[in-house]
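Enquirer: Provided below: data-v2.txt, containing compact mmCIF, C-alpha atoms.
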```txt
# COMPACT_ATOMS: atom_id res chain seq x y z
CA MET R 1 127.91 -79.70 83.27
CA GLY R 2 128.97 -76.24 84.35
CA CYS R 3 128.31 -74.25 87.51
CA SER R 4 125.27 -72.04 87.54
CA ALA R 5 124.52 -68.97 89.63
CA SER R 6 122.80 -71.09 92.25
CA ASP R 7 125.77 -73.50 92.35
CA VAL R 8 128.12 -70.57 92.95
CA ALA R 9 125.78 -69.10 95.57
CA ALA R 10 125.67 -72.44 97.37
CA ALA R 11 129.47 -72.61 97.29
CA VAL R 12 129.68 -69.12 98.77
CA ARG R 13 127.27 -70.09 101.56
CA ALA R 14 129.41 -73.12 102.32
CA ALA R 15 132.50 -70.93 102.37
CA ALA R 16 130.82 -68.61 104.88
CA THR R 17 130.24 -71.61 107.15
CA VAL R 18 133.90 -72.60 106.84
CA VAL R 19 135.01 -69.06 107.70
CA ALA R 20 132.78 -69.05 110.78
CA ALA R 21 134.08 -72.44 111.86
CA ASN R 22 137.69 -71.28 111.53
CA ARG R 23 137.20 -67.80 112.94
CA ASP R 24 139.06 -68.53 116.16
CA GLU R 25 142.02 -70.09 114.42
CA LEU R 26 142.31 -67.12 112.07
CA VAL R 27 142.12 -64.74 115.04
CA ARG R 28 144.88 -66.71 116.76
CA LEU R 29 147.14 -66.60 113.70
CA ASP R 30 146.52 -62.89 113.26
CA ARG R 31 147.12 -62.17 116.91
CA ALA R 32 150.57 -63.73 116.58
CA ILE R 33 151.75 -61.53 113.72
CA GLY R 34 149.06 -58.94 113.08
CA ASP R 35 146.42 -56.98 114.90
CA GLY R 36 144.30 -59.99 115.74
CA ASP R 37 141.21 -59.15 113.73
CA HIS R 38 141.45 -61.27 110.58
CA GLY R 39 139.10 -64.01 111.74
CA GLU R 40 136.63 -61.53 113.15
CA ASN R 41 136.70 -59.34 110.04
CA LEU R 42 136.32 -62.19 107.58
CA ASN R 43 133.55 -63.77 109.61
CA ARG R 44 131.67 -60.49 109.79
CA GLY R 45 132.15 -60.02 106.07
CA PHE R 46 130.87 -63.44 105.12
CA ALA R 47 127.97 -63.20 107.55
CA ALA R 48 126.99 -60.04 105.70
CA VAL R 49 127.41 -61.93 102.42
CA LEU R 50 124.94 -64.55 103.66
CA ALA R 51 122.48 -61.82 104.56
CA SER R 52 122.88 -60.27 101.11
CA LEU R 53 122.32 -63.63 99.40
CA ASP R 54 119.20 -64.13 101.46
CA GLN R 55 117.80 -60.87 100.18
CA SER R 56 118.59 -61.07 96.50
CA THR R 57 119.06 -63.79 93.94
CA PRO R 58 121.91 -62.84 91.62
CA ASP R 59 121.14 -64.31 88.23
CA THR R 60 124.63 -65.18 86.97
CA PRO R 61 127.79 -66.60 88.54
CA ALA R 62 129.44 -63.20 87.95
CA ALA R 63 126.63 -61.43 89.80
CA VAL R 64 127.08 -63.73 92.81
CA LEU R 65 130.79 -62.97 92.96
CA LYS R 66 130.18 -59.25 92.55
CA LEU R 67 127.78 -59.32 95.48
CA VAL R 68 130.47 -61.04 97.56
CA ALA R 69 132.99 -58.42 96.47
CA THR R 70 130.96 -55.33 97.28
CA THR R 71 129.78 -56.78 100.59
CA LEU R 72 133.33 -57.64 101.70
CA ILE R 73 134.59 -54.21 100.64
CA SER R 74 131.89 -52.49 102.67
CA LYS R 75 131.88 -54.73 105.71
CA VAL R 76 135.45 -55.88 106.25
CA GLY R 77 137.45 -53.10 107.89
CA GLY R 78 140.98 -54.48 107.56
CA ALA R 79 143.27 -55.34 104.69
CA ALA R 80 141.16 -58.42 103.87
CA GLY R 81 138.26 -56.21 102.74
CA PRO R 82 140.01 -54.46 99.88
CA LEU R 83 142.09 -57.52 99.00
CA TYR R 84 139.39 -60.20 98.92
CA GLY R 85 136.96 -57.61 97.60
CA THR R 86 139.19 -56.86 94.64
CA ALA R 87 139.83 -60.58 94.11
CA PHE R 88 136.12 -61.39 93.89
CA LEU R 89 135.45 -58.27 91.81
CA ARG R 90 138.06 -59.17 89.20
CA ALA R 91 136.87 -62.78 89.16
CA SER R 92 133.33 -61.55 88.63
CA THR R 93 134.35 -59.32 85.74
CA SER R 94 136.21 -62.18 84.08
CA LEU R 95 133.05 -64.32 84.05
CA GLY R 96 131.04 -61.76 82.09
CA SER R 97 127.41 -62.61 81.54
CA ALA R 98 127.88 -66.39 81.30
CA ALA R 99 125.01 -68.34 82.83
CA SER R 100 127.26 -71.26 83.59
CA VAL R 101 131.00 -71.64 84.12
CA GLY R 102 133.30 -74.51 83.26
CA PRO R 103 136.90 -75.31 84.17
CA GLY R 104 138.37 -72.80 81.69
CA GLU R 105 136.33 -69.95 83.16
CA VAL R 106 137.32 -70.99 86.68
CA VAL R 107 141.00 -70.82 85.77
CA ALA R 108 140.50 -67.39 84.20
CA ALA R 109 138.60 -66.20 87.25
CA LEU R 110 141.38 -67.37 89.57
CA GLU R 111 143.99 -65.64 87.43
CA ALA R 112 141.96 -62.44 87.45
CA ALA R 113 141.56 -62.69 91.21
CA LEU R 114 145.31 -63.03 91.69
CA GLY R 115 145.91 -60.09 89.36
CA GLY R 116 143.54 -57.99 91.44
CA VAL R 117 145.15 -58.95 94.74
CA VAL R 118 148.62 -58.12 93.45
CA ALA R 119 147.49 -54.83 91.92
CA ARG R 120 145.73 -53.82 95.12
CA GLY R 121 148.21 -54.94 97.74
CA LYS R 122 151.41 -54.94 95.68
CA ALA R 123 152.77 -58.03 97.37
CA SER R 124 155.31 -60.31 95.69
CA PRO R 125 155.71 -64.03 96.30
CA GLU R 126 157.43 -64.75 99.63
CA ASP R 127 156.31 -61.49 101.22
CA LYS R 128 154.36 -63.75 103.57
CA THR R 129 150.83 -62.88 102.48
CA MET R 130 147.76 -64.44 100.88
CA VAL R 131 149.64 -64.22 97.58
CA ASP R 132 151.83 -67.09 98.79
CA ALA R 133 148.74 -69.30 98.75
CA LEU R 134 146.91 -67.77 95.79
CA ASP R 135 149.84 -67.66 93.38
CA PRO R 136 150.65 -71.40 93.55
CA ALA R 137 146.91 -72.10 93.46
CA VAL R 138 146.54 -70.25 90.18
CA ARG R 139 149.53 -71.99 88.64
CA ALA R 140 148.20 -75.37 89.69
CA ALA R 141 144.75 -74.57 88.34
CA ALA R 142 146.18 -73.46 85.00
CA THR R 143 147.96 -76.78 84.48
CA ALA R 144 145.19 -78.98 85.88
CA SER R 145 142.82 -80.74 83.55
CA GLY R 146 139.38 -82.11 84.03
CA SER R 147 136.28 -80.77 85.66
CA VAL R 148 135.69 -77.67 87.74
CA ALA R 149 136.03 -79.87 90.81
CA GLU R 150 139.41 -81.17 89.70
CA VAL R 151 140.72 -77.70 88.82
CA LEU R 152 139.60 -76.28 92.16
CA GLY R 153 140.96 -79.36 93.95
CA ALA R 154 144.38 -78.77 92.44
CA ALA R 155 144.17 -75.07 93.35
CA ALA R 156 143.17 -75.84 96.93
CA ALA R 157 145.97 -78.35 97.45
CA ALA R 158 148.54 -75.90 96.10
CA ALA R 159 147.13 -73.13 98.29
CA GLU R 160 147.39 -75.32 101.37
CA ARG R 161 151.03 -76.10 100.59
CA GLY R 162 151.66 -72.42 99.89
CA ALA R 163 150.15 -71.40 103.20
CA GLU R 164 152.34 -73.89 105.08
CA ALA R 165 155.34 -72.52 103.24
CA THR R 166 154.74 -69.07 104.74
CA VAL R 167 155.78 -70.31 108.18
CA PRO R 168 159.54 -69.70 107.83
CA LEU R 169 159.17 -66.47 105.86
CA VAL R 170 159.91 -62.97 107.14
CA ALA R 171 156.88 -60.74 106.56
CA ARG R 172 157.47 -57.89 104.15
CA LYS R 173 153.92 -56.60 103.84
CA GLY R 174 151.13 -55.60 106.14
CA ARG R 175 151.12 -55.31 109.92
CA ALA R 176 153.30 -58.41 110.21
CA SER R 177 156.09 -56.58 108.41
CA TYR R 178 156.50 -54.36 111.46
CA LEU R 179 157.50 -57.50 113.37
CA GLY R 180 160.30 -58.41 110.99
CA GLU R 181 162.16 -61.47 112.18
CA ARG R 182 159.59 -62.07 114.90
CA SER R 183 157.09 -63.02 112.19
CA VAL R 184 159.16 -66.09 111.39
CA GLY R 185 157.70 -69.37 112.62
CA HIS R 186 154.09 -68.26 112.21
CA LEU R 187 151.70 -69.17 109.43
CA ASP R 188 150.29 -66.13 107.65
CA PRO R 189 146.57 -65.70 108.44
CA GLY R 190 145.72 -64.35 104.97
CA ALA R 191 147.37 -67.34 103.31
CA ARG R 192 145.44 -69.62 105.66
CA SER R 193 142.09 -68.03 104.88
CA THR R 194 142.81 -68.22 101.13
CA ALA R 195 143.56 -71.93 101.43
CA LEU R 196 140.39 -72.46 103.50
CA LEU R 197 138.23 -70.67 100.93
CA LEU R 198 139.69 -72.56 97.98
CA ARG R 199 139.30 -75.90 99.73
CA SER R 200 135.68 -75.03 100.52
CA PHE R 201 134.98 -74.11 96.87
CA ALA R 202 136.66 -77.33 95.75
CA ASP R 203 134.54 -79.40 98.16
CA SER R 204 131.39 -77.67 96.96
CA ALA R 205 132.27 -78.35 93.32
CA ALA R 206 133.01 -82.01 94.09
CA GLY R 207 129.80 -82.44 96.03
CA SER R 208 127.46 -80.97 93.43
CA MET Q 1 137.79 -19.57 94.91
CA THR Q 2 137.17 -23.31 94.65
CA ARG Q 3 139.77 -25.05 96.66
CA VAL Q 4 140.99 -28.63 96.63
CA GLY Q 5 139.44 -30.66 99.45
CA LEU Q 6 141.16 -33.17 101.70
CA VAL Q 7 140.06 -36.49 103.18
CA VAL Q 8 141.94 -37.87 106.18
CA ILE Q 9 141.59 -41.64 106.52
CA SER Q 10 142.59 -43.47 109.64
CA HIS Q 11 141.89 -46.75 111.39
CA SER Q 12 140.93 -44.56 114.36
CA ALA Q 13 138.07 -42.07 114.41
CA GLY Q 14 139.89 -40.05 117.06
CA LEU Q 15 143.08 -39.92 115.06
CA ALA Q 16 141.33 -38.76 111.87
CA ALA Q 17 139.34 -36.15 113.77
CA GLY Q 18 142.48 -34.90 115.49
CA VAL Q 19 144.42 -34.51 112.27
CA VAL Q 20 141.47 -32.66 110.74
CA GLU Q 21 141.33 -30.38 113.78
CA VAL Q 22 145.00 -29.42 113.45
CA ALA Q 23 144.83 -28.96 109.70
CA ARG Q 24 141.72 -26.79 109.80
CA GLN Q 25 143.42 -24.45 112.22
CA MET Q 26 146.06 -23.80 109.56
CA ALA Q 27 143.65 -23.68 106.63
CA PRO Q 28 140.31 -22.29 107.72
CA ASP Q 29 138.71 -22.22 104.25
CA VAL Q 30 139.63 -25.72 103.13
CA ALA Q 31 137.24 -28.68 103.33
CA VAL Q 32 139.17 -31.23 105.40
CA VAL Q 33 136.98 -34.24 106.14
CA ALA Q 34 137.71 -37.13 108.50
CA ALA Q 35 136.99 -40.77 107.69
CA GLY Q 36 138.25 -42.76 110.63
CA GLY Q 37 137.34 -46.05 112.29
CA THR Q 38 134.68 -48.57 111.37
CA ALA Q 39 130.93 -48.04 111.18
CA ASP Q 40 130.47 -49.45 114.68
CA GLY Q 41 133.15 -47.22 116.18
CA GLY Q 42 135.92 -49.80 116.21
CA VAL Q 43 139.46 -49.70 114.89
CA GLY Q 44 139.58 -50.25 111.14
CA THR Q 45 138.62 -48.61 107.87
CA ASP Q 46 135.21 -48.02 106.34
CA PHE Q 47 134.94 -47.91 102.55
CA ASP Q 48 131.49 -46.31 102.56
CA ALA Q 49 132.63 -43.61 104.98
CA VAL Q 50 135.58 -42.79 102.74
CA GLY Q 51 133.28 -42.45 99.75
CA ALA Q 52 130.97 -40.16 101.68
CA ALA Q 53 133.94 -38.09 102.88
CA VAL Q 54 135.22 -37.63 99.33
CA GLU Q 55 131.82 -36.40 98.28
CA GLN Q 56 131.72 -33.99 101.21
CA ALA Q 57 135.22 -32.67 100.46
CA SER Q 58 134.55 -32.13 96.75
CA GLY Q 59 134.14 -28.50 95.84
CA GLY Q 60 134.89 -28.93 92.16
CA ALA Q 61 138.66 -28.60 92.36
CA GLY Q 62 139.38 -32.21 93.24
CA VAL Q 63 140.20 -34.10 96.42
CA VAL Q 64 143.45 -35.36 97.95
CA LEU Q 65 143.18 -38.40 100.20
CA LEU Q 66 145.70 -39.15 102.96
CA TYR Q 67 145.82 -42.30 105.07
CA ASP Q 68 147.56 -43.70 108.11
CA LEU Q 69 148.57 -47.29 107.36
CA GLY Q 70 148.58 -49.79 104.50
CA SER Q 71 145.04 -51.12 104.44
CA ALA Q 72 143.71 -47.57 104.61
CA ARG Q 73 145.59 -46.88 101.41
CA MET Q 74 143.85 -49.78 99.67
CA VAL Q 75 140.42 -48.59 100.81
CA ALA Q 76 141.29 -45.08 99.59
CA GLU Q 77 142.32 -46.39 96.19
CA LEU Q 78 139.17 -48.49 95.92
CA ALA Q 79 137.06 -45.46 96.80
CA VAL Q 80 138.75 -43.35 94.13
CA GLU Q 81 138.31 -46.10 91.52
CA ALA Q 82 134.60 -46.17 92.35
CA LEU Q 83 134.14 -42.44 91.69
CA PRO Q 84 132.28 -41.26 88.61
CA GLU Q 85 135.46 -39.27 87.81
CA PRO Q 86 138.42 -41.14 89.31
CA ASP Q 87 140.84 -38.50 87.98
CA SER Q 88 139.30 -35.91 90.26
CA ALA Q 89 140.90 -37.49 93.33
CA VAL Q 90 144.43 -38.48 94.28
CA VAL Q 91 145.62 -40.78 97.04
CA VAL Q 92 148.92 -39.51 98.39
CA ASP Q 93 151.65 -41.50 100.10
CA ALA Q 94 152.81 -39.14 102.86
CA PRO Q 95 153.12 -38.99 106.64
CA LEU Q 96 149.54 -38.45 107.78
CA VAL Q 97 149.88 -35.39 110.00
CA GLU Q 98 152.67 -33.59 108.18
CA GLY Q 99 151.19 -34.41 104.79
CA THR Q 100 147.73 -33.20 105.71
CA VAL Q 101 149.07 -29.96 107.15
CA ALA Q 102 151.22 -29.26 104.10
CA ALA Q 103 148.35 -30.14 101.77
CA ALA Q 104 145.87 -28.01 103.71
CA VAL Q 105 148.07 -24.94 103.56
CA ALA Q 106 148.71 -25.45 99.86
CA ALA Q 107 144.99 -25.81 99.26
CA GLN Q 108 144.26 -22.71 101.31
CA GLY Q 109 146.68 -20.80 99.09
CA GLY Q 110 144.77 -21.90 96.01
CA ALA Q 111 147.06 -24.64 94.71
CA ASP Q 112 145.49 -27.02 92.23
CA LEU Q 113 145.10 -30.78 92.69
CA ALA Q 114 148.61 -31.58 91.48
CA GLY Q 115 150.08 -28.80 93.61
CA VAL Q 116 148.29 -29.92 96.78
CA ALA Q 117 149.31 -33.54 96.19
CA ALA Q 118 152.92 -32.49 95.62
CA ALA Q 119 152.91 -30.43 98.82
CA ALA Q 120 151.73 -33.47 100.76
CA ARG Q 121 154.31 -35.80 99.22
CA SER Q 122 157.19 -33.42 99.83
CA SER Q 123 156.33 -33.21 103.52
CA ALA Q 124 158.20 -36.46 104.14
CA GLY Q 125 161.78 -35.93 105.26
CA SER Q 126 163.50 -32.89 106.74
CA PRO Q 127 163.70 -29.48 105.11
CA GLU Q 128 166.67 -28.54 102.96
CA PRO Q 129 169.73 -27.16 104.76
CA ALA Q 130 170.79 -23.60 103.88
CA ALA Q 131 172.26 -23.39 100.38
CA PRO Q 132 176.05 -22.97 100.31
CA ALA Q 133 177.54 -19.65 99.19
CA SER Q 134 177.42 -19.52 95.41
CA GLY Q 135 180.67 -20.50 93.71
CA THR Q 136 178.99 -21.49 90.48
CA ALA Q 137 178.93 -19.61 87.21
CA GLY Q 138 176.36 -16.87 86.73
CA GLU Q 139 175.34 -13.91 88.84
CA PRO Q 140 172.99 -14.68 91.70
CA PRO Q 141 169.73 -12.73 91.32
CA PRO Q 142 169.58 -9.42 93.17
CA GLU Q 143 168.46 -10.15 96.68
CA SER Q 144 166.95 -8.03 99.38
CA ARG Q 145 167.17 -9.03 102.96
CA VAL Q 146 166.00 -7.78 106.28
CA ARG Q 147 166.39 -8.81 109.91
CA VAL Q 148 163.21 -9.25 111.87
CA ARG Q 149 162.78 -9.91 115.55
CA LEU Q 150 159.86 -12.12 116.53
CA THR Q 151 157.87 -10.62 119.36
CA ASN Q 152 154.99 -13.08 119.70
CA GLU Q 153 155.60 -15.76 122.29
CA ILE Q 154 155.50 -18.84 120.07
CA GLY Q 155 157.43 -17.25 117.27
CA LEU Q 156 157.22 -19.05 113.91
CA HIS Q 157 155.28 -22.05 115.14
CA ALA Q 158 152.04 -23.53 113.74
CA ARG Q 159 149.53 -20.73 113.10
CA PRO Q 160 152.13 -18.00 112.54
CA ALA Q 161 153.98 -20.28 110.13
CA ALA Q 162 150.78 -21.01 108.30
CA LEU Q 163 149.85 -17.33 108.11
CA THR Q 164 153.33 -16.50 106.83
CA ALA Q 165 153.20 -19.25 104.19
CA ARG Q 166 149.74 -18.17 103.03
CA THR Q 167 150.75 -14.53 102.81
CA LEU Q 168 154.01 -15.15 100.97
CA SER Q 169 152.49 -17.73 98.57
CA GLY Q 170 150.41 -15.01 97.05
CA LEU Q 171 153.41 -12.83 96.15
CA ASP Q 172 155.60 -13.08 93.09
CA ALA Q 173 158.84 -13.55 95.01
CA ASP Q 174 161.10 -16.33 96.27
CA VAL Q 175 161.41 -15.84 99.98
CA THR Q 176 163.78 -17.59 102.35
CA VAL Q 177 163.65 -17.24 106.11
CA HIS Q 178 166.96 -17.88 107.86
CA PHE Q 179 167.46 -18.75 111.50
CA GLY Q 180 170.84 -19.86 112.73
CA ASP Q 181 172.29 -22.19 110.14
CA LYS Q 182 168.88 -23.23 108.83
CA ALA Q 183 166.93 -21.81 105.94
CA ALA Q 184 163.29 -22.28 105.06
CA ASP Q 185 161.23 -21.63 101.99
CA GLY Q 186 158.84 -18.89 103.11
CA THR Q 187 155.90 -20.69 101.51
CA SER Q 188 156.49 -23.98 103.30
CA VAL Q 189 154.71 -24.25 106.63
CA LEU Q 190 156.71 -27.22 107.77
CA ALA Q 191 160.06 -25.74 106.82
CA LEU Q 192 159.21 -22.53 108.68
CA MET Q 193 158.19 -24.49 111.76
CA ALA Q 194 161.33 -26.56 111.59
CA LEU Q 195 163.45 -23.44 112.01
CA GLY Q 196 162.41 -23.48 115.63
CA ALA Q 197 162.41 -19.69 115.85
CA ARG Q 198 160.63 -18.52 118.98
CA GLY Q 199 159.57 -15.26 120.57
CA GLY Q 200 162.60 -13.04 121.07
CA ASP Q 201 164.56 -14.72 118.27
CA GLU Q 202 165.78 -12.78 115.26
CA VAL Q 203 165.33 -14.21 111.81
CA THR Q 204 166.73 -12.95 108.54
CA VAL Q 205 164.40 -12.86 105.57
CA SER Q 206 165.78 -12.71 102.06
CA ALA Q 207 163.77 -12.41 98.87
CA THR Q 208 164.31 -12.30 95.12
CA GLY Q 209 161.85 -11.72 92.33
CA PRO Q 210 159.53 -8.96 91.11
CA MET Q 211 157.83 -8.54 94.48
CA ALA Q 212 160.83 -9.10 96.71
CA GLU Q 213 160.45 -5.78 98.51
CA GLU Q 214 156.74 -6.33 99.07
CA ALA Q 215 157.44 -9.79 100.41
CA LEU Q 216 159.92 -8.49 102.96
CA ARG Q 217 157.50 -5.74 104.01
CA ALA Q 218 154.71 -8.30 104.28
CA PHE Q 219 156.77 -10.44 106.61
CA GLN Q 220 157.79 -7.42 108.70
CA ASP Q 221 154.13 -6.44 108.89
CA LEU Q 222 153.11 -9.87 110.13
CA ALA Q 223 155.86 -9.92 112.71
CA ALA Q 224 154.93 -6.43 113.91
CA ARG Q 225 151.34 -7.64 114.39
CA GLY Q 226 152.62 -10.65 116.31
CA PHE Q 227 151.19 -12.82 113.50
CA ASP Q 228 147.73 -11.90 114.78
CA GLU Q 229 148.14 -14.23 117.76
```
With the file now loaded, output its structure as structure tokens.

Expert:
Amino acid sequence: MGCSASDVAAAVRAAATVVAANRDELVRLDRAIGDGDHGENLNRGFAAVLASLDQSTPDTPAAVLKLVATTLISKVGGAAGPLYGTAFLRASTSLGSAASVGPGEVVAALEAALGGVVARGKASPEDKTMVDALDPAVRAAATASGSVAEVLGAAAAAAERGAEATVPLVARKGRASYLGERSVGHLDPGARSTALLLRSFADSAAGS
Amino acid sequence: MTRVGLVVISHSAGLAAGVVEVARQMAPDVAVVAAGGTADGGVGTDFDAVGAAVEQASGGAGVVLLYDLGSARMVAELAVEALPEPDSAVVVDAPLVEGTVAAAVAAQGGADLAGVAAAARSSAGSPEPAAPASGTAGEPPPESRVRVRLTNEIGLHARPAALTARTLSGLDADVTVHFGDKAADGTSVLALMALGARGGDEVTVSATGPMAEEALRAFQDLAARGFDE
């Protein structure tokens, strides 16, 4: 059984709750090596996503993701807006008009999302960014087998490990790059939020 | 004349407005539009505001977008991608203030989209030092030169530099303004300003090309009028 538009919408709502719950931690991480607004920005963005979902009922999984994308782009005033916005936009495009998505489509969507993030932000692995969580997540998803829940579970676990692995890295992108060596020893907030989102999507897929 | 328009994107509304203010002083007929800060007046970027600014700056000749820091660049690129004609706008990687000033003056002089973008990009880095005396093969082109004393108090700073660049851009001549051991392209606002020539200083202006004599007279004229200060 694949994921329908309402399944994806429910997963997005759950993700918004996770973002809100972790807002303070994301602010703390971003305060250490950024400008301190990642948690606030993402929370505002996803709150706006919830409001958008309350007003309209997108009729395909792609339409749900596109709504997330355009809302984040408009409402998130830091780097996360364009980056997550592009990620969700590319994922949406990859799903086309399908009424339901299975594991293969999820892998393709994750790959498209990563492609969008890299094209937009031009980060490479080990630059200490969200790419350090998303890149291993995509590779894990591509080699995972089984259901949507299993694919997302593999992606989430790899993202969590990838986020942890950003701790010793020297930032080479974004505000943290201005800190240079002083960014070492801190977990990248963008990698953390990516891991949180993927884990939330995985939990939603497992629960449905 | 339809001129290229400019959009100045910053995480700060004040910063964007300030850059626009400076640029418009140098390029009074160019649409230079600010898009700074978030919708609620905070620090950050606003995608919708950038889109609106591009629309406002569009006169039919295209728009150049300049930004302060990284995430502003991404919002600018997203905004351009969302345009009905993405090729009508260019996001330029340049220092925000210097790039906007150089772009504004180029646009005022009627440069096209590529020319304005190039002017902005080349604003990074210091101007070229004076060329060494020619020891290479080939005759140098016939050159006229004249010494001019600057009588206005601020000399070749800001507005006078902009007026000079605008005036000389319209003439078919290659003009170089020399001061001390530095030389500046007469059509480059930033290079002229970097000479640091002030009231009371004497500069030497050299020109080659079909309108070399006119160019020298034009500069002498401006200096005699105190650059209309």

Enquirer: Please determine the contact residues of chain R with respect to chain Q at a cut-off of 7 Å, counting only C-alpha atoms, and supply them as a ChimeraX atom specification.

Expert: /R:73-74,77-79,82,120,174

Enquirer: In file coordinates, which residues lie within 10 Å of (156.2, -26.6, 105.6) using all atoms listed in the file, given as a ChimeraX atom specification?

Expert: /Q:98-99,101-103,105-106,119-120,122-123,126-127,158,161-162,165,184-194

Enquirer: Could you save those same residues with C-alpha atoms as a compact mmCIF listing (two decimals), keeping the file's coordinate frame?

Expert:
```txt
# COMPACT_ATOMS: atom_id res chain seq x y z
CA GLU Q 98 152.67 -33.59 108.18
CA GLY Q 99 151.19 -34.41 104.79
CA VAL Q 101 149.07 -29.96 107.15
CA ALA Q 102 151.22 -29.26 104.10
CA ALA Q 103 148.35 -30.14 101.77
CA VAL Q 105 148.07 -24.94 103.56
CA ALA Q 106 148.71 -25.45 99.86
CA ALA Q 119 152.91 -30.43 98.82
CA ALA Q 120 151.73 -33.47 100.76
CA SER Q 122 157.19 -33.42 99.83
CA SER Q 123 156.33 -33.21 103.52
CA SER Q 126 163.50 -32.89 106.74
CA PRO Q 127 163.70 -29.48 105.11
CA ALA Q 158 152.04 -23.53 113.74
CA ALA Q 161 153.98 -20.28 110.13
CA ALA Q 162 150.78 -21.01 108.30
CA ALA Q 165 153.20 -19.25 104.19
CA ALA Q 184 163.29 -22.28 105.06
CA ASP Q 185 161.23 -21.63 101.99
CA GLY Q 186 158.84 -18.89 103.11
CA THR Q 187 155.90 -20.69 101.51
CA SER Q 188 156.49 -23.98 103.30
CA VAL Q 189 154.71 -24.25 106.63
CA LEU Q 190 156.71 -27.22 107.77
CA ALA Q 191 160.06 -25.74 106.82
CA LEU Q 192 159.21 -22.53 108.68
CA MET Q 193 158.19 -24.49 111.76
CA ALA Q 194 161.33 -26.56 111.59
```

Enquirer: Find the residues around Ala91 in chain R up to 7 Å (only C-alpha atoms counted), leave out those fewer than 2 positions away in its own chain, and share them as a ChimeraX atom specification.

Expert: /R:87-89,93-95,109-110,112-113

Enquirer: Given the point (124.8, -68.1, 90.2) in the coordinates of this file, which residues lie within 10 Å, counting only C-alpha atoms, and how would they look as a ChimeraX atom specification?

Expert: /R:3-12,57-65,98-101

Enquirer: To one decimal in Å, tell me the separation between CA of Leu179 in chain R and CA of Val50 in chain Q.

Expert: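 Computed distance, CA of Leu179 in chain R to CA of Val50 in chain Q, equals 28.5 Å.
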
Enquirer: Pick the closest to Glu21 in chain Q from Q:Val91, Q:Ala104, Q:Ala52, Q:Tyr67: which is it, counting all atoms listed in the file?

Expert: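 Residue with the minimum atom-to-atom distance to Glu21 in chain Q: Q:Ala104.
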
Enquirer: Taking only C-alpha atoms into account, which of R:Gly146, R:Gly81, R:Pro103, R:Pro189 comes nearest Leu29 in chain R?

Expert: R:Pro189

Enquirer: Please compute the CA of Val19 in chain R-CA of Arg172 in chain R distance, one decimal, in Å.

Expert: 25.3 Å

Enquirer: Can you tell me which residues surround Ala133 in chain R at a distance of at most 12 Å, considering only C-alpha atoms, apart from same-chain residues fewer than 4 positions away, and format the answer as a ChimeraX atom specification?

Expert: /R:110,114,117,124-129,137-140,155-167,187-199

Enquirer: Please, could you write that set of residues out with C-alpha atoms as an mmCIF file, in the frame of the given file?

Expert:
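Saved to again29.cif:
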```
data_model
loop_
_atom_site.group_PDB
_atom_site.id
_atom_site.type_symbol
_atom_site.label_atom_id
_atom_site.label_comp_id
_atom_site.auth_asym_id
_atom_site.auth_seq_id
_atom_site.Cartn_x
_atom_site.Cartn_y
_atom_site.Cartn_z
ATOM 1 C CA LEU R 110 141.380 -67.370 89.570
ATOM 2 C CA LEU R 114 145.310 -63.030 91.690
ATOM 3 C CA VAL R 117 145.150 -58.950 94.740
ATOM 4 C CA SER R 124 155.310 -60.310 95.690
ATOM 5 C CA PRO R 125 155.710 -64.030 96.300
ATOM 6 C CA GLU R 126 157.430 -64.750 99.630
ATOM 7 C CA ASP R 127 156.310 -61.490 101.220
ATOM 8 C CA LYS R 128 154.360 -63.750 103.570
ATOM 9 C CA THR R 129 150.830 -62.880 102.480
ATOM 10 C CA ALA R 137 146.910 -72.100 93.460
ATOM 11 C CA VAL R 138 146.540 -70.250 90.180
ATOM 12 C CA ARG R 139 149.530 -71.990 88.640
ATOM 13 C CA ALA R 140 148.200 -75.370 89.690
ATOM 14 C CA ALA R 155 144.170 -75.070 93.350
ATOM 15 C CA ALA R 156 143.170 -75.840 96.930
ATOM 16 C CA ALA R 157 145.970 -78.350 97.450
ATOM 17 C CA ALA R 158 148.540 -75.900 96.100
ATOM 18 C CA ALA R 159 147.130 -73.130 98.290
ATOM 19 C CA GLU R 160 147.390 -75.320 101.370
ATOM 20 C CA ARG R 161 151.030 -76.100 100.590
ATOM 21 C CA GLY R 162 151.660 -72.420 99.890
ATOM 22 C CA ALA R 163 150.150 -71.400 103.200
ATOM 23 C CA GLU R 164 152.340 -73.890 105.080
ATOM 24 C CA ALA R 165 155.340 -72.520 103.240
ATOM 25 C CA THR R 166 154.740 -69.070 104.740
ATOM 26 C CA VAL R 167 155.780 -70.310 108.180
ATOM 27 C CA LEU R 187 151.700 -69.170 109.430
ATOM 28 C CA ASP R 188 150.290 -66.130 107.650
ATOM 29 C CA PRO R 189 146.570 -65.700 108.440
ATOM 30 C CA GLY R 190 145.720 -64.350 104.970
ATOM 31 C CA ALA R 191 147.370 -67.340 103.310
ATOM 32 C CA ARG R 192 145.440 -69.620 105.660
ATOM 33 C CA SER R 193 142.090 -68.030 104.880
ATOM 34 C CA THR R 194 142.810 -68.220 101.130
ATOM 35 C CA ALA R 195 143.560 -71.930 101.430
ATOM 36 C CA LEU R 196 140.390 -72.460 103.500
ATOM 37 C CA LEU R 197 138.230 -70.670 100.930
ATOM 38 C CA LEU R 198 139.690 -72.560 97.980
ATOM 39 C CA ARG R 199 139.300 -75.900 99.730
#
```

Enquirer: Q:Ala13, Q:Met1, Q:Leu6, Q:Val203: which is nearest Asp40 in chain Q, counting all atoms listed in the file?

Expert: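 Counting all atoms listed in the file, the residue closest to Asp40 in chain Q is Q:Ala13.
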